[in-house]
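Engineer: See my_file07.txt below, with compact mmCIF, C-alpha atoms and all ligand atoms.
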# COMPACT_ATOMS: atom_id res chain seq x y z
CA MET I 1 -46.29 3.07 -23.54
CA THR I 2 -43.96 2.49 -20.59
CA SER I 3 -45.19 3.67 -17.19
CA PRO I 4 -43.52 6.84 -15.89
CA LYS I 5 -40.91 6.43 -13.14
CA PRO I 6 -42.81 6.88 -9.86
CA LYS I 7 -42.20 10.17 -8.08
CA LEU I 8 -40.94 10.37 -4.48
CA GLU I 9 -44.45 10.71 -2.95
CA THR I 10 -45.56 7.54 -4.75
CA LEU I 11 -42.40 5.66 -3.80
CA ALA I 12 -42.89 6.66 -0.16
CA VAL I 13 -46.35 5.08 -0.14
CA HIS I 14 -45.69 2.01 -2.31
CA ALA I 15 -41.97 1.16 -2.53
CA ALA I 16 -42.17 -1.35 0.32
CA ASP I 17 -45.47 -2.99 -0.62
CA PHE I 18 -45.47 -6.65 0.26
CA LYS I 19 -48.57 -8.80 0.39
CA GLU I 20 -49.18 -11.55 2.94
CA LEU I 21 -51.31 -14.57 2.00
CA SER I 22 -54.25 -12.72 3.57
CA LYS I 23 -53.66 -9.78 1.18
CA ASP I 24 -53.59 -7.26 4.04
CA VAL I 25 -53.11 -3.76 2.65
CA VAL I 26 -51.22 -2.88 5.83
CA PRO I 27 -48.49 -5.46 6.46
CA ALA I 28 -48.51 -7.58 9.61
CA ILE I 29 -45.79 -7.27 12.24
CA HIS I 30 -43.52 -10.33 12.20
CA LEU I 31 -42.44 -10.69 15.81
CA THR I 32 -40.86 -14.12 15.30
CA THR I 33 -37.14 -14.41 15.93
CA THR I 34 -36.79 -17.72 14.07
CA TYR I 35 -38.23 -19.46 10.98
CA GLU I 36 -39.03 -23.13 10.33
CA ARG I 37 -36.81 -25.17 8.00
CA GLU I 38 -38.22 -27.51 5.33
CA GLU I 39 -37.79 -31.26 5.91
CA ASP I 40 -34.65 -31.23 3.79
CA GLY I 41 -33.20 -28.52 6.05
CA SER I 42 -33.57 -25.72 3.54
CA TYR I 43 -35.09 -22.23 3.95
CA PRO I 44 -36.87 -21.64 0.62
CA GLN I 45 -38.35 -18.30 1.82
CA GLY I 46 -34.85 -17.05 2.68
CA PHE I 47 -35.67 -16.19 6.31
CA VAL I 48 -33.52 -17.93 8.96
CA TYR I 49 -33.20 -15.74 12.05
CA THR I 50 -34.43 -12.21 12.72
CA ARG I 51 -31.02 -10.64 13.35
CA SER I 52 -30.13 -11.50 9.75
CA GLU I 53 -33.52 -10.86 8.12
CA ASN I 54 -37.11 -10.07 8.98
CA PRO I 55 -39.98 -9.16 6.61
CA ASN I 56 -40.63 -5.82 8.36
CA ARG I 57 -36.97 -4.85 8.27
CA ASN I 58 -36.70 -5.90 4.63
CA ALA I 59 -39.71 -3.71 3.80
CA LEU I 60 -38.17 -0.72 5.60
CA GLU I 61 -34.81 -1.23 3.89
CA THR I 62 -36.52 -1.52 0.50
CA ALA I 63 -38.38 1.75 1.06
CA LEU I 64 -35.26 3.64 2.17
CA THR I 65 -33.24 2.28 -0.77
CA ALA I 66 -35.89 3.53 -3.19
CA LEU I 67 -36.24 6.95 -1.55
CA GLU I 68 -32.48 7.59 -1.53
CA GLY I 69 -31.95 6.16 -5.04
CA GLY I 70 -29.43 3.63 -3.71
CA ASP I 71 -28.79 -0.06 -4.32
CA GLY I 72 -29.16 -1.26 -0.75
CA CYS I 73 -29.86 -0.25 2.83
CA ALA I 74 -29.12 -1.63 6.27
CA ALA I 75 -31.36 -0.52 9.14
CA PHE I 76 -29.96 -0.13 12.66
CA SER I 77 -31.32 0.27 16.18
CA SER I 78 -30.13 3.90 16.44
CA GLY I 79 -28.39 6.61 14.47
CA MET I 80 -25.28 6.05 16.57
CA ALA I 81 -25.27 2.35 15.62
CA ALA I 82 -25.46 3.39 11.95
CA ILE I 83 -22.56 5.84 12.39
CA SER I 84 -20.47 3.25 14.13
CA ALA I 85 -21.21 0.68 11.38
CA VAL I 86 -19.85 3.08 8.73
CA LEU I 87 -16.74 3.80 10.79
CA GLN I 88 -16.19 0.06 11.28
CA LEU I 89 -15.74 -0.28 7.52
CA LEU I 90 -12.36 1.38 8.10
CA LYS I 91 -9.28 -0.22 9.61
CA SER I 92 -6.67 0.77 12.13
CA GLY I 93 -4.33 3.41 10.61
CA ASP I 94 -6.94 4.79 8.20
CA HIS I 95 -7.76 8.48 8.40
CA VAL I 96 -11.20 10.06 8.32
CA LEU I 97 -11.61 13.74 7.48
CA ILE I 98 -14.64 15.21 9.22
CA SER I 99 -16.54 18.49 8.82
CA ASP I 100 -15.82 20.77 11.77
CA ASP I 101 -19.42 21.55 12.72
CA LEU I 102 -21.42 18.37 13.30
CA TYR I 103 -23.47 16.23 15.67
CA HIS I 104 -21.43 15.97 18.87
CA GLY I 105 -22.04 12.20 19.18
CA THR I 106 -20.10 11.62 15.96
CA ARG I 107 -17.15 13.61 17.32
CA HIS I 108 -17.28 11.63 20.60
CA ILE I 109 -17.34 8.18 18.99
CA VAL I 110 -14.50 9.11 16.62
CA ASN I 111 -12.31 10.77 19.27
CA GLY I 112 -13.07 8.18 21.94
CA ILE I 113 -13.90 4.62 20.91
CA MET I 114 -12.57 4.74 17.33
CA ALA I 115 -9.31 6.44 18.35
CA ARG I 116 -8.69 3.57 20.80
CA TRP I 117 -8.94 1.18 17.83
CA GLY I 118 -6.39 3.19 15.84
CA LEU I 119 -8.60 5.28 13.55
CA GLU I 120 -7.01 8.66 12.79
CA ALA I 121 -9.26 11.68 12.43
CA SER I 122 -9.06 15.40 11.76
CA TYR I 123 -11.65 18.14 11.37
CA THR I 124 -11.91 20.94 8.84
CA ASP I 125 -14.31 23.59 7.56
CA MET I 126 -15.65 21.97 4.39
CA THR I 127 -17.52 25.04 3.15
CA ASP I 128 -14.24 25.83 1.39
CA VAL I 129 -13.65 22.84 -0.88
CA LYS I 130 -10.19 24.11 -1.88
CA GLU I 131 -9.16 24.02 1.77
CA VAL I 132 -10.39 20.41 1.98
CA ALA I 133 -7.96 19.49 -0.83
CA THR I 134 -5.06 20.45 1.44
CA GLN I 135 -6.40 18.31 4.30
CA LEU I 136 -6.80 15.00 2.48
CA GLN I 137 -3.98 12.63 3.41
CA ASP I 138 -2.61 9.56 1.64
CA ASN I 139 -4.39 7.40 4.23
CA THR I 140 -7.73 9.32 4.11
CA LYS I 141 -10.27 6.62 3.35
CA LEU I 142 -13.42 8.46 4.34
CA VAL I 143 -14.69 12.03 4.24
CA TRP I 144 -17.60 12.49 6.65
CA LEU I 145 -19.91 15.47 6.52
CA GLU I 146 -23.21 16.99 7.48
CA THR I 147 -24.89 19.64 5.34
CA PRO I 148 -26.63 21.68 6.71
CA SER I 149 -24.34 21.16 9.68
CA ASN I 150 -25.32 20.85 13.29
CA PRO I 151 -25.79 23.40 14.87
CA LEU I 152 -24.45 26.23 12.64
CA LEU I 153 -26.15 25.14 9.39
CA LYS I 154 -23.03 25.49 7.27
CA ILE I 155 -23.59 24.24 3.72
CA ILE I 156 -21.07 21.98 1.97
CA ASP I 157 -21.05 21.43 -1.80
CA ILE I 158 -21.54 17.63 -1.90
CA GLU I 159 -20.89 17.32 -5.64
CA ALA I 160 -17.59 19.25 -5.58
CA LEU I 161 -16.43 17.53 -2.42
CA SER I 162 -17.28 14.06 -3.74
CA LYS I 163 -15.34 14.65 -6.94
CA LEU I 164 -12.32 15.90 -5.05
CA SER I 165 -12.42 13.04 -2.52
CA HIS I 166 -12.83 10.39 -5.22
CA ASP I 167 -9.86 11.80 -7.13
CA LYS I 168 -7.81 11.32 -3.95
CA GLY I 169 -9.15 7.78 -3.35
CA SER I 170 -11.53 8.51 -0.48
CA LEU I 171 -15.17 7.60 0.00
CA VAL I 172 -17.71 10.24 1.03
CA ALA I 173 -20.35 9.67 3.70
CA VAL I 174 -23.15 12.15 4.40
CA ASP I 175 -25.11 12.18 7.63
CA ALA I 176 -28.40 13.15 5.98
CA THR I 177 -30.51 13.13 9.14
CA TRP I 178 -31.43 16.82 8.83
CA THR I 179 -32.46 16.73 5.20
CA THR I 180 -34.03 13.37 4.26
CA PRO I 181 -34.28 12.39 0.58
CA VAL I 182 -37.12 14.86 0.15
CA VAL I 183 -34.78 17.80 0.65
CA GLN I 184 -31.46 16.45 -0.67
CA ARG I 185 -30.24 13.19 -2.22
CA PRO I 186 -26.50 12.83 -1.55
CA LEU I 187 -26.06 9.69 -3.71
CA ASP I 188 -27.34 11.61 -6.76
CA LEU I 189 -24.74 14.29 -5.98
CA GLY I 190 -21.88 11.78 -5.96
CA ALA I 191 -21.62 10.67 -2.31
CA ASP I 192 -21.01 6.97 -1.61
CA ILE I 193 -22.77 6.49 1.72
CA VAL I 194 -25.88 8.09 3.20
CA MET I 195 -26.48 7.71 6.92
CA HIS I 196 -29.62 8.65 8.88
CA SER I 197 -30.71 8.86 12.44
CA THR I 198 -34.22 7.67 11.56
CA THR I 199 -35.18 8.82 15.07
CA LYS I 200 -35.66 12.29 13.55
CA TYR I 201 -37.63 13.25 10.41
CA LEU I 202 -37.95 9.74 8.98
CA GLY I 203 -39.69 8.56 12.17
CA GLY I 204 -41.21 12.03 12.43
CA HIS I 205 -43.16 11.63 15.69
CA SER I 206 -40.41 11.52 18.37
CA ASP I 207 -41.32 7.94 19.28
CA ILE I 208 -38.92 5.61 17.41
CA LEU I 209 -35.15 5.29 17.84
CA GLY I 210 -33.38 4.03 14.72
CA GLY I 211 -30.69 4.46 12.11
CA ALA I 212 -29.96 3.51 8.51
CA VAL I 213 -27.13 3.34 6.01
CA ILE I 214 -27.85 3.46 2.26
CA VAL I 215 -25.20 2.84 -0.41
CA ASN I 216 -25.05 2.31 -4.17
CA ASP I 217 -22.16 -0.12 -4.36
CA ASP I 218 -22.34 -3.91 -3.84
CA ALA I 219 -19.01 -4.26 -2.03
CA LEU I 220 -19.90 -1.46 0.40
CA MET I 221 -23.29 -3.03 0.98
CA GLU I 222 -21.69 -6.37 1.74
CA GLY I 223 -19.41 -4.70 4.31
CA ILE I 224 -22.27 -2.86 6.01
CA ARG I 225 -24.46 -5.97 5.99
CA GLU I 226 -21.72 -7.98 7.73
CA ILE I 227 -21.42 -5.33 10.47
CA GLN I 228 -25.21 -5.19 10.82
CA LEU I 229 -25.43 -8.99 11.19
CA LEU I 230 -22.41 -9.55 13.43
CA GLY I 231 -22.61 -6.28 15.37
CA GLY I 232 -26.27 -7.10 15.93
CA ALA I 233 -27.56 -3.53 16.49
CA VAL I 234 -30.74 -4.18 14.50
CA PRO I 235 -34.13 -2.52 15.00
CA SER I 236 -37.08 -4.54 16.30
CA PRO I 237 -39.82 -5.66 13.87
CA PHE I 238 -42.25 -3.25 15.56
CA ASP I 239 -39.87 -0.30 15.16
CA CYS I 240 -39.38 -1.25 11.49
CA TRP I 241 -43.13 -1.42 10.98
CA LEU I 242 -43.69 1.96 12.65
CA LEU I 243 -40.87 3.59 10.72
CA ARG I 244 -42.02 2.26 7.37
CA ARG I 245 -45.47 3.63 8.18
CA SER I 246 -43.95 7.05 8.96
CA LEU I 247 -42.04 7.05 5.67
CA GLN I 248 -45.30 6.95 3.77
CA SER I 249 -46.13 10.51 4.85
CA LEU I 250 -42.54 11.82 4.78
CA PRO I 251 -42.74 13.96 1.58
CA TYR I 252 -45.83 15.81 2.83
CA ARG I 253 -44.47 16.23 6.34
CA MET I 254 -41.17 17.59 5.02
CA ARG I 255 -43.02 20.09 2.86
CA GLY I 256 -44.74 21.42 5.99
CA HIS I 257 -41.49 21.53 8.02
CA CYS I 258 -39.72 23.44 5.23
CA GLU I 259 -42.52 25.95 4.58
CA ASN I 260 -42.92 26.65 8.29
CA ALA I 261 -39.17 27.03 8.82
CA MET I 262 -38.89 29.52 5.96
CA ALA I 263 -41.73 31.62 7.42
CA VAL I 264 -40.30 31.55 10.97
CA ALA I 265 -36.72 32.28 9.85
CA SER I 266 -37.89 35.24 7.72
CA PHE I 267 -39.76 36.63 10.72
CA LEU I 268 -36.94 36.11 13.23
CA GLU I 269 -34.33 37.68 10.98
CA LYS I 270 -35.99 41.08 11.44
CA GLN I 271 -36.40 41.00 15.24
CA ASN I 272 -34.56 42.88 17.99
CA PHE I 273 -32.29 40.71 20.15
CA VAL I 274 -31.87 38.20 17.27
CA GLN I 275 -28.25 38.69 16.36
CA ALA I 276 -28.21 35.91 13.73
CA VAL I 277 -30.56 33.39 12.12
CA HIS I 278 -28.73 30.47 10.56
CA TYR I 279 -31.06 29.07 7.91
CA PRO I 280 -29.93 28.18 4.37
CA GLY I 281 -33.18 29.38 2.80
CA LEU I 282 -32.40 32.99 3.75
CA GLU I 283 -30.58 35.02 1.13
CA SER I 284 -28.38 36.34 3.93
CA HIS I 285 -26.97 32.81 4.52
CA PRO I 286 -23.34 32.78 3.29
CA GLN I 287 -23.81 29.55 1.31
CA HIS I 288 -27.37 30.24 0.10
CA ALA I 289 -26.28 29.75 -3.54
CA VAL I 290 -24.83 26.26 -2.89
CA ALA I 291 -27.91 25.34 -0.84
CA SER I 292 -30.20 26.45 -3.71
CA LYS I 293 -28.19 24.30 -6.13
CA GLN I 294 -28.24 21.05 -4.16
CA MET I 295 -31.34 21.21 -1.95
CA ALA I 296 -34.92 20.88 -3.22
CA SER I 297 -36.06 22.95 -0.22
CA PHE I 298 -34.22 24.22 2.84
CA GLY I 299 -35.24 21.91 5.67
CA GLY I 300 -36.91 22.40 9.01
CA MET I 301 -33.86 23.18 11.18
CA MET I 302 -32.41 26.55 12.11
CA SER I 303 -30.37 28.14 14.85
CA LEU I 304 -30.56 31.59 16.37
CA GLN I 305 -28.06 33.69 18.25
CA ILE I 306 -29.72 35.87 20.85
CA GLY I 307 -27.95 39.06 21.96
CA ASP I 308 -24.42 39.86 20.89
CA ASP I 309 -22.48 38.17 23.71
CA GLU I 310 -21.42 34.75 22.37
CA THR I 311 -20.03 33.80 25.77
CA SER I 312 -23.27 34.25 27.71
CA PRO I 313 -26.21 31.83 27.62
CA ASP I 314 -28.47 34.16 29.68
CA LEU I 315 -30.62 35.86 27.03
CA ALA I 316 -30.94 32.68 24.96
CA MET I 317 -32.04 30.69 28.02
CA LYS I 318 -34.53 33.41 28.93
CA LEU I 319 -36.02 33.39 25.44
CA ALA I 320 -36.39 29.59 25.54
CA ALA I 321 -38.00 29.85 28.99
CA ASN I 322 -40.50 32.46 27.71
CA LEU I 323 -41.84 30.20 24.95
CA LYS I 324 -45.26 28.71 25.60
CA LEU I 325 -45.91 26.51 22.55
CA ILE I 326 -42.45 25.48 21.40
CA VAL I 327 -41.11 22.70 23.63
CA ARG I 328 -37.69 22.89 25.36
CA ALA I 329 -36.19 19.48 24.55
CA THR I 330 -33.33 17.88 22.68
CA SER I 331 -33.77 16.01 19.36
CA LEU I 332 -35.53 17.15 16.19
CA GLY I 333 -37.69 16.19 13.25
CA GLY I 334 -40.96 15.53 15.07
CA VAL I 335 -44.36 17.08 14.46
CA GLU I 336 -43.88 19.31 17.52
CA SER I 337 -41.45 22.25 17.43
CA LEU I 338 -38.47 21.87 19.78
CA ILE I 339 -35.89 24.38 20.98
CA GLU I 340 -32.61 23.70 22.70
CA HIS I 341 -29.63 25.55 24.14
CA ARG I 342 -27.11 23.45 22.24
CA ALA I 343 -23.93 24.22 24.20
CA SER I 344 -25.57 22.79 27.35
CA ILE I 345 -26.13 19.34 25.84
CA GLU I 346 -22.82 19.28 23.99
CA GLY I 347 -21.06 19.82 27.33
CA GLU I 348 -17.37 20.30 28.00
CA GLY I 349 -15.23 21.27 25.00
CA THR I 350 -18.17 22.57 22.96
CA THR I 351 -17.34 25.28 20.44
CA THR I 352 -21.01 26.21 19.94
CA PRO I 353 -21.68 29.86 20.87
CA GLN I 354 -23.33 30.15 24.29
CA ASN I 355 -26.01 32.48 22.90
CA LEU I 356 -27.19 29.88 20.33
CA LEU I 357 -30.56 28.14 20.35
CA ARG I 358 -31.26 25.35 17.90
CA VAL I 359 -34.84 25.07 16.67
CA SER I 360 -36.59 22.13 15.05
CA ILE I 361 -39.65 23.59 13.37
CA GLY I 362 -42.66 21.29 13.61
CA LEU I 363 -45.98 21.05 11.85
CA GLU I 364 -47.97 23.54 13.92
CA HIS I 365 -49.40 26.49 11.96
CA PRO I 366 -46.54 28.94 11.22
CA ASP I 367 -48.60 31.90 12.50
CA ASP I 368 -48.77 30.26 15.93
CA LEU I 369 -45.02 29.58 15.97
CA ILE I 370 -44.31 33.19 14.97
CA ALA I 371 -46.71 34.47 17.64
CA ASP I 372 -44.94 32.35 20.26
CA PHE I 373 -41.53 33.76 19.30
CA ALA I 374 -42.99 37.30 19.18
CA GLN I 375 -44.34 37.13 22.74
CA ALA I 376 -41.15 35.46 24.02
CA LEU I 377 -38.96 38.18 22.47
CA GLU I 378 -41.22 40.95 23.80
CA SER I 379 -40.80 39.62 27.35
CA LEU I 380 -36.99 39.55 27.22
C1 LIG O 1 -27.35 14.61 12.81
C2 LIG O 1 -27.45 13.46 13.77
N1 LIG O 1 -26.81 12.32 13.49
C3 LIG O 1 -26.86 11.25 14.32
C4 LIG O 1 -27.58 11.30 15.50
C5 LIG O 1 -27.61 10.09 16.42
O1 LIG O 1 -28.83 9.43 16.27
P1 LIG O 1 -29.54 8.56 17.42
O2 LIG O 1 -29.86 9.50 18.54
O3 LIG O 1 -30.72 8.00 16.71
O4 LIG O 1 -28.58 7.51 17.85
C6 LIG O 1 -28.28 12.45 15.83
C7 LIG O 1 -29.04 12.52 17.09
O5 LIG O 1 -29.41 13.57 17.59
C8 LIG O 1 -28.22 13.56 14.94
O6 LIG O 1 -28.87 14.71 15.20
Please express the file's structure as structure tokens.
Ligand SMILES: Cc1ncc(COP(=O)(O)O)c(C=O)c1O
Structural biologist:
Amino acid sequence: MTSPKPKLETLAVHAADFKELSKDVVPAIHLTTTYEREEDGSYPQGFVYTRSENPNRNALETALTALEGGDGCAAFSSGMAAISAVLQLLKSGDHVLISDDLYHGTRHIVNGIMARWGLEASYTDMTDVKEVATQLQDNTKLVWLETPSNPLLKIIDIEALSKLSHDKGSLVAVDATWTTPVVQRPLDLGADIVMHSTTKYLGGHSDILGGAVIVNDDALMEGIREIQLLGGAVPSPFDCWLLRRSLQSLPYRMRGHCENAMAVASFLEKQNFVQAVHYPGLESHPQHAVASKQMASFGGMMSLQIGDDETSPDLAMKLAANLKLIVRATSLGGVESLIEHRASIEGEGTTTPQNLLRVSIGLEHPDDLIADFAQALESL
């Protein structure tokens, strides 16, 4: 009898197993930057210099490849380094079509640095795949999206969009930071490139900065590997070790984030002052059907609009100030719940409504999170 294909929880724990001579169950941290040659000048173990390869980074990349169902992964020192590596696959004069609601750093690097190097870009609402068909140009080489998007949690049909983009000769990249492979696997749905800020759920404890790119095509992998090696934005062995350790508990952590978020969103939807709850698990979400089709669960992120004046931050800021348990801070995906007035951090030119708060639901008990929101709303 052949053994069954390991499930995600098992892969998370064992996919990156590698045994040292000492047979440690927990791998050692390889701080070395260089490796000794044999007398004939060869490197039979394959390790030459840590920017090109390191056992801890290899283990992390192996684990992420297995979890995403890809063929290869390159780990980076931040999510932004991973985004910039994908964009550097393109050349001057190429066009990238980008979803209109997304992490503001992506918009800044595309409109600033990449534009200076001749990359063309435009933005469109990708919830309507037919509309996307009209926006693809002859020189569109990459379609870049987030689903759920940041901060409005719009849902894009990855399968339909990938088919359309491939027919027109474009690759599809998904920034999967908000979902992780536990919630959604873009490569299975037809995307070509998965990118993560591993700083968020994959790290899971708000203490590691990192990024990753996973692909299922050898030529793409070769391109990304070259940028990783020559660009040099690689994570340290210690960060790789920590991150690989975090991955081992990812499926169970994500389950908690998703269950808690569903409970909190269902509560908030019924409260006074809460004009809108953007969460794809709610039946009221406009793309709930697409989310149910492509997501295994609905994630730990949501956003709220407080009061009906989209131009005023006052009520939203007051609600955030009233919270006692949920922490006012940027970022997401950690064990602690975080809340943020998004327009403030996005700064000039933001299109995010001023009454919007983005919430990263952590692993506290959902009753305590609901009680915190209840008392904060009561004191408005
Ligand atoms: C969706 C998304 N992508 C990319 C990034 C950038 O990642 P990093 O901060 O690790 O560079 C972030 C950071 O907030 C993010 O939320």
Engineer: Would you kindly return, as a PyMOL selection string, each protein, DNA or RNA residue with an atom no farther than 9 Å from any atom of I:Leu31, considering all atoms listed in the file and excluding same-chain residues fewer than 3 positions away?
Structural biologist: chain I and resi 50+54+236-238
Engineer: Check which residues of chain I sit at most 6 Å from ligand LIG 1 (chain O) using only C-alpha atoms and all ligand atoms, and return one row each with the closest pair of atoms and their distance in Å to one decimal, ordered by chain and rising number, as a tab-separated table.
Structural biologist:
residue	atom	partner	partner_atom	distance
I:Ser78	CA	O:LIG1	O3	4.2
I:Gly79	CA	O:LIG1	O1	3.4
I:Met80	CA	O:LIG1	O4	3.8
I:Tyr103	CA	O:LIG1	C1	5.1
I:Thr177	CA	O:LIG1	C1	5.1
I:Ser197	CA	O:LIG1	O1	4.3
I:Thr199	CA	O:LIG1	O3	4.8
I:Leu209	CA	O:LIG1	O3	5.3
I:Gly210	CA	O:LIG1	O3	5.2
I:Gly211	CA	O:LIG1	O3	5.8
I:Ser331	CA	O:LIG1	O5	5.3
Engineer: Take the selection from the previous step and output its residues with C-alpha atoms, as a CSV table (one decimal), keeping the file's coordinate frame.
Structural biologist:
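Saved to out.csv:
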chain,number,residue,atom,x,y,z
I,78,SER,CA,-30.1,3.9,16.4
I,79,GLY,CA,-28.4,6.6,14.5
I,80,MET,CA,-25.3,6.0,16.6
I,103,TYR,CA,-23.5,16.2,15.7
I,177,THR,CA,-30.5,13.1,9.1
I,197,SER,CA,-30.7,8.9,12.4
I,199,THR,CA,-35.2,8.8,15.1
I,209,LEU,CA,-35.2,5.3,17.8
I,210,GLY,CA,-33.4,4.0,14.7
I,211,GLY,CA,-30.7,4.5,12.1
I,331,SER,CA,-33.8,16.0,19.4
Engineer: Identify, on the basis of all atoms listed in the file, every residue whose closest approach to stretch 355-360 of chain I does not exceed 6 Å; exclude the query and any residue fewer than 6 positions from it along the same chain; express the result as a ChimeraX atom specification.
Structural biologist: /I:301-306,310,312-313,316,332,337-341
Engineer: Would you export the selected residues with C-alpha atoms as an mmCIF file, in the coordinates of the input, please?
Structural biologist:
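result.cif, written as the output of this step:
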data_model
loop_
_atom_site.group_PDB
_atom_site.id
_atom_site.type_symbol
_atom_site.label_atom_id
_atom_site.label_comp_id
_atom_site.auth_asym_id
_atom_site.auth_seq_id
_atom_site.Cartn_x
_atom_site.Cartn_y
_atom_site.Cartn_z
ATOM 1 C CA MET I 301 -33.860 23.180 11.180
ATOM 2 C CA MET I 302 -32.410 26.550 12.110
ATOM 3 C CA SER I 303 -30.370 28.140 14.850
ATOM 4 C CA LEU I 304 -30.560 31.590 16.370
ATOM 5 C CA GLN I 305 -28.060 33.690 18.250
ATOM 6 C CA ILE I 306 -29.720 35.870 20.850
ATOM 7 C CA GLU I 310 -21.420 34.750 22.370
ATOM 8 C CA SER I 312 -23.270 34.250 27.710
ATOM 9 C CA PRO I 313 -26.210 31.830 27.620
ATOM 10 C CA ALA I 316 -30.940 32.680 24.960
ATOM 11 C CA LEU I 332 -35.530 17.150 16.190
ATOM 12 C CA SER I 337 -41.450 22.250 17.430
ATOM 13 C CA LEU I 338 -38.470 21.870 19.780
ATOM 14 C CA ILE I 339 -35.890 24.380 20.980
ATOM 15 C CA GLU I 340 -32.610 23.700 22.700
ATOM 16 C CA HIS I 341 -29.630 25.550 24.140
#
Engineer: Here is a test: counting all atoms listed in the file, which residue of I:Lys318, I:Arg225, I:Arg116, I:His288 is nearest to I:Glu53?
Structural biologist: I:Arg225
Engineer: In terms of the shortest atom-to-atom distance over only C-alpha atoms, which of I:Gly347, I:Pro353, I:Ala291, I:Glu68 is closest to I:Thr311?
Structural biologist: I:Pro353
Engineer: Can you pull out the residues contacting stretch 34-40 of chain I? Cut-off 9 Å, using all atoms listed in the file, and skip same-chain residues under 6 positions away; I want them as a PyMOL selection string.
Structural biologist: chain I and resi 47-50
Engineer: With only C-alpha atoms as the counted atoms, please give the residues lying no more than 7 Å from stretch 147-150 of chain I, apart from itself and same-chain residues fewer than 3 positions off, as a ChimeraX atom specification.
Structural biologist: /I:101-103,153-156
Engineer: Enclose stretch 19-38 of chain I, meaning all of its atoms listed in the file, in a box aligned along x, y and z, pad it by 6 Å on each side, and list the centre and edge lengths in Å to one decimal, as lines of an AutoDock Vina configuration file.
Structural biologist:
center_x = -45.5
center_y = -15.2
center_z = 8.2
size_x = 29.5
size_y = 36.6
size_z = 27.5
Engineer: Measuring atom to atom with only C-alpha atoms, identify which of I:Gly223, I:Pro27, I:Gly281, I:Gly307 is nearest to I:Arg57.
Structural biologist: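 That would be I:Pro27, the residue with the smallest distance to I:Arg57.
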Engineer: For I:Ile345, which of I:Pro151, I:Gly41, I:Gly118, I:Gly112 is the closest residue, counting all atoms listed in the file?
Structural biologist: I:Pro151
Engineer: Taking (-19.7, 8.5, 9.4) in the file's coordinates as the center, which residues reach within 9 Å of it, counting only C-alpha atoms, put as a CSV table (one decimal) with C-alpha atoms, in the frame of the given file?
Structural biologist:
chain,number,residue,atom,x,y,z
I,82,ALA,CA,-25.5,3.4,12.0
I,83,ILE,CA,-22.6,5.8,12.4
I,84,SER,CA,-20.5,3.2,14.1
I,85,ALA,CA,-21.2,0.7,11.4
I,86,VAL,CA,-19.8,3.1,8.7
I,87,LEU,CA,-16.7,3.8,10.8
I,96,VAL,CA,-11.2,10.1,8.3
I,98,ILE,CA,-14.6,15.2,9.2
I,106,THR,CA,-20.1,11.6,16.0
I,110,VAL,CA,-14.5,9.1,16.6
I,142,LEU,CA,-13.4,8.5,4.3
I,143,VAL,CA,-14.7,12.0,4.2
I,144,TRP,CA,-17.6,12.5,6.6
I,145,LEU,CA,-19.9,15.5,6.5
I,172,VAL,CA,-17.7,10.2,1.0
I,173,ALA,CA,-20.4,9.7,3.7
I,174,VAL,CA,-23.2,12.2,4.4
I,175,ASP,CA,-25.1,12.2,7.6
I,193,ILE,CA,-22.8,6.5,1.7
I,194,VAL,CA,-25.9,8.1,3.2
I,195,MET,CA,-26.5,7.7,6.9
Engineer: Could you check how far atom CA of I:Thr10 sits from atom CA of I:Ser249, in Å to one decimal?
Structural biologist: 10.1 Å
Engineer: Which of these, I:Gly190, I:Pro366, I:Gly46, I:Pro181, has the shortest distance to I:Glu159 once you count all atoms listed in the file?
Structural biologist: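 The closest residue to I:Glu159 is I:Gly190.
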Engineer: Quick one: pull the distance between atom CA of I:Phe373 and atom CA of I:Gly349, Å, one decimal.
Structural biologist: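 It comes out at 29.7 Å.
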